[in-house]
Amino acid sequence: MKAFFQSILSVLSIFYLVGCGGGGGDSSEKPPVSSSSVSIPSSSVSSSSTSGVITDPVNLSGTITFEWVPHKASRLGLDYPNTEVRPARSLVVELMDSSNNIIATGFTNETGFYNFIVNRNQQVRVRVKAQLKDSDQNLWNISVRDNTNSNSLYAVQGELAVITTDDEVRDIQIDSGWNGRSYRINRAAPPFAILDVLYQGIEKLKQANISKSLPALTVYWSEKNTTAEGDVTLGEIGTSYYSNGNIYLLGDANVDIDEYDAHVILHEWTHFLESSISRADSLGGDHGSTDKLDMRVAFSEGLANAFAGIMLDDSFYMDAMGVNQSTGFYLDIAEKSQNVQGWYSQGSIGSIVYNYYLSGDNRIAKSVVDLFTTFTRTDYIDYPGFASIFLFSEILQRESPDSFNTWVSLLSEQNIHSSNGNGVGEINTGGYTENLPLYKSLSLASPSVSLCSSNRNGSFNKLSNYQFVKIDITQTGTYRLSATKTVGTNTDPDFYLYLSGTQIGSGVSFLADEETLDVSLSNSTYILSFTDAKTLDDSITTDITHCFNLSLTGVGG
Amino acid sequence: MKKLGLLLLLITSPYLLALDSVSKKSKKPGVDIFFLDSNIIQLVPNKTETLEIKLQFTAESIDYVLTGSAGLEIQDLKQSSIIIDPETQNKILSIPLELRADAVGRYYLHIQFTSLNKGVELQTVMSKIVSTEIARPVLLKKPLNAVHVLPSSETIIKSKDKP
């Protein structure tokens, strides 16, 4: 043991001499048992330590655990009597001195274990942050913060106490706060439960050898986060959602809490992954498995359901809510008998992706490699057309040609008949012939196209609200895109122009029945999404189908 | 001129600002239903108000349960109705109820919906803010990077001292 301490001492001395900053250290220099390491940040050197040198080393270790509340066997609501104690994995652990200076930082390992070497007779407190961080390569960094309390970071901490013995163990237990009938105020386990669900997602990414660095993610959770939409600082978040790099999760007990709804958490995390290491073309908004959705929304939501199921290896999406969290609903993502089938159905897309994951036909059953690799390939991200089941199919075929027949069969079962990235050859119209072809063509050689926008399947993000146009430009210059009404009254045509998924221009003026955009374009393929903004408005309950002529003209070099 | 037009558009017309340009929220799955009226109900303290909440939904059938946050009295008048627009087939759910709050404050009316559509059952809770406040109190700002310490229990086991 003494030799072990001496070797650690020499490592610490090297750390200090090279001026290592705060946070973790090189993984090769960690103690062998846990993933924690000790470094002495120059800005927060404890007054009780001797310039960061450990002169009388003792071992401080412990295990961090939290309570996890599973769903009932019926999948309807939470099962408090079967609450489990789980290790709090890969979390940031800090040692603090009596002045609340951070004197060492480490991480829990897969069993929730942490380990520090500190000076004997030092007064220290163990603090565990609700922060999941990659201790090796800094590939991920996820924090859970309280949006109702100045976005403060959640943490738990132990007592400030003097270490007097060779080996001291300080275990911290984080309970759910459930007393058998209700929750106490300030329940502690949720931030750690959320992070542990995300840890499972990260483990799946690692299985696929996805080594892209994820941007820092903040998950905002509060026991005040409720289902009213209003002031987020009061917890009025409306529902759990992903937006602009952040995830918001419900926590209002007896109304709707999502901290133990692992599929909900990973569904939203998939949206984060789309934005950070893949592409995110979805419009967002409300969506259900019986809706006919805009193809971008259908794909994003179906993929998010499937990836959540895959990360948990559980096809049953469960969401608990209500009084005592005793009710809820569940969906079988793998269900093939979807009520709405097609490229506009999130249920179809979830079923295709999940059943492909299960398939062992010319691939390893339950492998995530081809699916996650397709999701992050450069040719998927940079493809001119929008993210859709069609685009995913085309790139998956390149990634995994041997098992592509399985994928095509799954597509066919869901009434999807094209695996071309632009949906060329698709015959399922979704009940409205104007939905096909998926991308109408526009070029100087073919300078006008007819487009119709309709709310026949609902508004905001539903099938037929938007139509898509592929614009091939062969000569750099300034071009005019003009839309004029041909069918309908009091219309408001709008359009958005994209290059490889990035919006580069838009025509969203207030003019009735027409829209114009002059834009410089180079030799490339552009994609335009076109809508009558009236079809996006929830408050319009009358049936709208408005048609337009869209033209392309050159207006100068 | 175009920019001026766009500015006017942003100020005056909620639906002319199309979806691609606004903040996107990717929400969790649930019932396809939305309020047709304001998200906030203003009440006078100590006075019972009778009102009607209207929502549009798409499911074949829908059921709901009303609950409120502490201090909000809710009387479900049990006279809810569903109107189907013969032209659009849109379904409008109307829920008449009485609300009362005695103290000045901010409350929530929660409605838990269960929908059934083609054999698929979904649930969603939606809420209205019920306010008896005239003006909201100003929140005190804490410094950034503050820590919200949660309760936990610690077990400390000390080994024998060195000989």
# chains A, B, ... in the order shown; residues from 1 in each chain; ligands from 1
>>> closest_atom_pairs(of="chain A", to="chain B", cutoff="7 Å", atoms="only C-alpha atoms", output="Markdown table")
| residue | atom | partner | partner_atom | distance |
| --- | --- | --- | --- | --- |
| A:Ser150 | CA | B:Lys142 | CA | 5.8 |
| A:Ser152 | CA | B:Ala146 | CA | 4.7 |
| A:Leu153 | CA | B:Val147 | CA | 4.7 |
| A:Tyr154 | CA | B:His148 | CA | 4.7 |
| A:Ala155 | CA | B:Val149 | CA | 4.9 |
| A:Val156 | CA | B:Leu150 | CA | 5.1 |
| A:Gly158 | CA | B:Glu154 | CA | 5.6 |
| A:Thr165 | CA | B:Asp161 | CA | 4.8 |
| A:Asp166 | CA | B:Asp161 | CA | 6.2 |
| A:Asp167 | CA | B:Ser159 | CA | 5.5 |
| A:Glu168 | CA | B:Lys158 | CA | 4.7 |
| A:Val169 | CA | B:Ile157 | CA | 5.0 |
| A:Arg170 | CA | B:Ile156 | CA | 4.5 |
| A:Asp171 | CA | B:Thr155 | CA | 5.2 |
| A:Ile172 | CA | B:Glu154 | CA | 4.4 |
| A:Gln173 | CA | B:Ser153 | CA | 5.3 |
| A:Ile174 | CA | B:Ser152 | CA | 4.9 |
| A:Asp175 | CA | B:Ser152 | CA | 6.8 |
| A:Asn186 | CA | B:Leu150 | CA | 6.6 |
| A:Ala188 | CA | B:Leu150 | CA | 5.3 |
| A:Thr227 | CA | B:Met126 | CA | 5.2 |
| A:Ala228 | CA | B:Ser127 | CA | 4.4 |
| A:Thr239 | CA | B:Lys27 | CA | 6.8 |
| A:Ser240 | CA | B:Lys28 | CA | 5.8 |
| A:Tyr241 | CA | B:Lys27 | CA | 4.3 |
| A:Tyr242 | CA | B:Ser26 | CA | 5.2 |
| A:Ser243 | CA | B:Lys25 | CA | 4.9 |
| A:Val255 | CA | B:Val125 | CA | 6.9 |
| A:Asp256 | CA | B:Val125 | CA | 6.9 |
| A:Val264 | CA | B:Lys28 | CA | 6.4 |
| A:Leu283 | CA | B:Lys24 | CA | 6.1 |
| A:Gly284 | CA | B:Ser26 | CA | 4.2 |
| A:Gly285 | CA | B:Ser26 | CA | 5.8 |
| A:Asp286 | CA | B:Lys27 | CA | 6.3 |
| A:His287 | CA | B:Pro29 | CA | 6.1 |
| A:Gly288 | CA | B:Pro29 | CA | 5.9 |
| A:Gly328 | CA | B:Gln123 | CA | 6.2 |
| A:Phe329 | CA | B:Leu122 | CA | 5.7 |
| A:Asn339 | CA | B:Lys118 | CA | 6.5 |
| A:Val508 | CA | B:Leu17 | CA | 7.0 |
| A:Ser509 | CA | B:Leu6 | CA | 5.7 |
| A:Phe510 | CA | B:Leu9 | CA | 5.8 |
| A:Ala533 | CA | B:Ala18 | CA | 5.6 |
| A:Lys534 | CA | B:Tyr15 | CA | 6.6 |
| A:Asp537 | CA | B:Tyr15 | CA | 5.7 |
| A:Ser539 | CA | B:Leu36 | CA | 6.7 |
| A:Thr541 | CA | B:Asn90 | CA | 6.8 |
| A:Thr542 | CA | B:Thr88 | CA | 5.8 |
| A:Asp543 | CA | B:Thr88 | CA | 5.5 |
>>> residues_around(residues="Glu301 (chain A)", least_positions_apart="4", cutoff="10 Å", atoms="only C-alpha atoms", output="number ranges by chain")
A: 267-268, 270-271, 282, 284, 287-289, 293, 295-297, 305-307, 345-347, 349-350; B: 26-29
>>> write_last_selection(atoms="C-alpha atoms", output="PDB file, in the first residue's frame")
ATOM      1  CA  HIS A 267     -36.095  10.620 -27.492  1.00  0.00           C
ATOM      2  CA  GLU A 268     -35.177  14.231 -26.715  1.00  0.00           C
ATOM      3  CA  THR A 270     -31.737  11.958 -30.103  1.00  0.00           C
ATOM      4  CA  HIS A 271     -32.984  15.366 -31.213  1.00  0.00           C
ATOM      5  CA  SER A 282     -37.440  18.799 -38.449  1.00  0.00           C
ATOM      6  CA  GLY A 284     -40.692  20.374 -34.337  1.00  0.00           C
ATOM      7  CA  HIS A 287     -46.878  14.881 -33.375  1.00  0.00           C
ATOM      8  CA  GLY A 288     -48.500  11.503 -32.889  1.00  0.00           C
ATOM      9  CA  SER A 289     -48.351   8.038 -34.365  1.00  0.00           C
ATOM     10  CA  LEU A 293     -46.714  14.438 -40.751  1.00  0.00           C
ATOM     11  CA  MET A 295     -41.729  14.044 -43.908  1.00  0.00           C
ATOM     12  CA  ARG A 296     -38.989  15.826 -41.984  1.00  0.00           C
ATOM     13  CA  VAL A 297     -40.985  15.718 -38.754  1.00  0.00           C
ATOM     14  CA  ASN A 305     -38.481   6.899 -30.787  1.00  0.00           C
ATOM     15  CA  ALA A 306     -36.494   4.096 -32.419  1.00  0.00           C
ATOM     16  CA  PHE A 307     -33.109   5.311 -31.186  1.00  0.00           C
ATOM     17  CA  SER A 345     -45.711   8.338 -40.450  1.00  0.00           C
ATOM     18  CA  GLN A 346     -43.491   8.474 -37.366  1.00  0.00           C
ATOM     19  CA  GLY A 347     -44.879   5.082 -36.395  1.00  0.00           C
ATOM     20  CA  ILE A 349     -40.278   5.024 -39.398  1.00  0.00           C
ATOM     21  CA  GLY A 350     -39.869   3.944 -35.774  1.00  0.00           C
TER      22      GLY A 350
ATOM     23  CA  SER B  26     -39.152  18.953 -30.653  1.00  0.00           C
ATOM     24  CA  LYS B  27     -41.752  17.804 -28.168  1.00  0.00           C
ATOM     25  CA  LYS B  28     -42.307  14.414 -26.627  1.00  0.00           C
ATOM     26  CA  PRO B  29     -45.027  12.260 -28.216  1.00  0.00           C
TER      27      PRO B  29
END
>>> residues_around(residues="Val519 (chain A)", least_positions_apart="2", cutoff="9 Å", atoms="only C-alpha atoms", output="NGL selection string")
:A and (477-481 or 505 or 517 or 521)
>>> write_last_selection(atoms="C-alpha atoms", output="PDB file, in the first residue's frame")
ATOM      1  CA  GLY A 477     -25.522  34.388 -60.844  1.00  0.00           C
ATOM      2  CA  THR A 478     -28.421  36.244 -59.305  1.00  0.00           C
ATOM      3  CA  TYR A 479     -31.762  34.574 -59.631  1.00  0.00           C
ATOM      4  CA  ARG A 480     -35.350  35.531 -58.879  1.00  0.00           C
ATOM      5  CA  LEU A 481     -37.746  33.074 -57.314  1.00  0.00           C
ATOM      6  CA  GLY A 505     -32.502  32.539 -47.839  1.00  0.00           C
ATOM      7  CA  LEU A 517     -36.812  36.500 -53.549  1.00  0.00           C
ATOM      8  CA  LEU A 521     -26.731  31.165 -56.350  1.00  0.00           C
TER       9      LEU A 521
END
>>> residues_around(residues="Ser98 (chain A)", least_positions_apart="6", cutoff="8 Å", atoms="only C-alpha atoms", output="list in words")
Gln123, Val124, Arg125 and Leu160 of chain A
>>> select_by_dssp(residues="region 162-327 of chain A", states="helix (DSSP H, G or I)", output="PyMOL selection string")
chain A and resi 189-207+232-234+262-277+295-312+323-325
>>> select_by_dssp(residues="region 348-505 of chain A", states="strand (DSSP E)", output="PyMOL selection string")
chain A and resi 439-442+448-454+466-473+477-487+493-499+502-505
>>> residues_around(residues="Ser80 (chain B)", least_positions_apart="4", cutoff="7 Å", atoms="only C-alpha atoms", output="number ranges by chain")
B: 94-96
>>> write_last_selection(atoms="C-alpha atoms", output="short mmCIF file (atom, residue, chain, number, x, y, z; two decimals), in the first residue's frame")
data_model
loop_
_atom_site.label_atom_id
_atom_site.label_comp_id
_atom_site.auth_asym_id
_atom_site.auth_seq_id
_atom_site.Cartn_x
_atom_site.Cartn_y
_atom_site.Cartn_z
CA SER B 94 -65.71 22.31 -24.98
CA ILE B 95 -65.28 22.00 -21.20
CA PRO B 96 -67.47 24.26 -19.03
#
>>> residues_around(residues="Thr132 (chain B)", least_positions_apart="5", cutoff="10 Å", atoms="only C-alpha atoms", output="NGL selection string")
:B and (41-46 or 100-107)
>>> write_last_selection(atoms="C-alpha atoms", output="CSV table (one decimal), in the first residue's frame")
chain,number,residue,atom,x,y,z
B,41,ILE,CA,-57.0,32.6,-17.2
B,42,GLN,CA,-57.3,35.7,-15.2
B,43,LEU,CA,-59.4,35.5,-12.0
B,44,VAL,CA,-60.5,37.9,-9.4
B,45,PRO,CA,-59.6,36.6,-5.9
B,46,ASN,CA,-62.6,35.3,-3.9
B,100,ARG,CA,-62.1,30.0,-7.8
B,101,ALA,CA,-59.0,31.0,-5.9
B,102,ASP,CA,-59.1,32.9,-2.7
B,103,ALA,CA,-55.5,34.1,-2.4
B,104,VAL,CA,-53.6,36.2,-4.8
B,105,GLY,CA,-51.2,34.0,-6.7
B,106,ARG,CA,-50.4,31.9,-9.8
B,107,TYR,CA,-52.2,28.6,-10.1
>>> atom_distance(atom1="CA of Leu528 (chain A)", atom2="CA of Gly342 (chain A)")
22.3 Å
>>> residues_around(residues="Thr373 (chain A)", least_positions_apart="6", cutoff="10 Å", atoms="only C-alpha atoms", output="list in words")
Leu205, Ala208, Asn209, Ile210, Ser278, Tyr380, Ile395, Leu396, Glu399 and Ser400 of chain A
>>> atom_distance(atom1="CA of Val408 (chain A)", atom2="CA of Trp343 (chain A)")
13.0 Å
>>> atom_distance(atom1="CA of Leu139 (chain A)", atom2="CA of Ile202 (chain A)")
9.9 Å
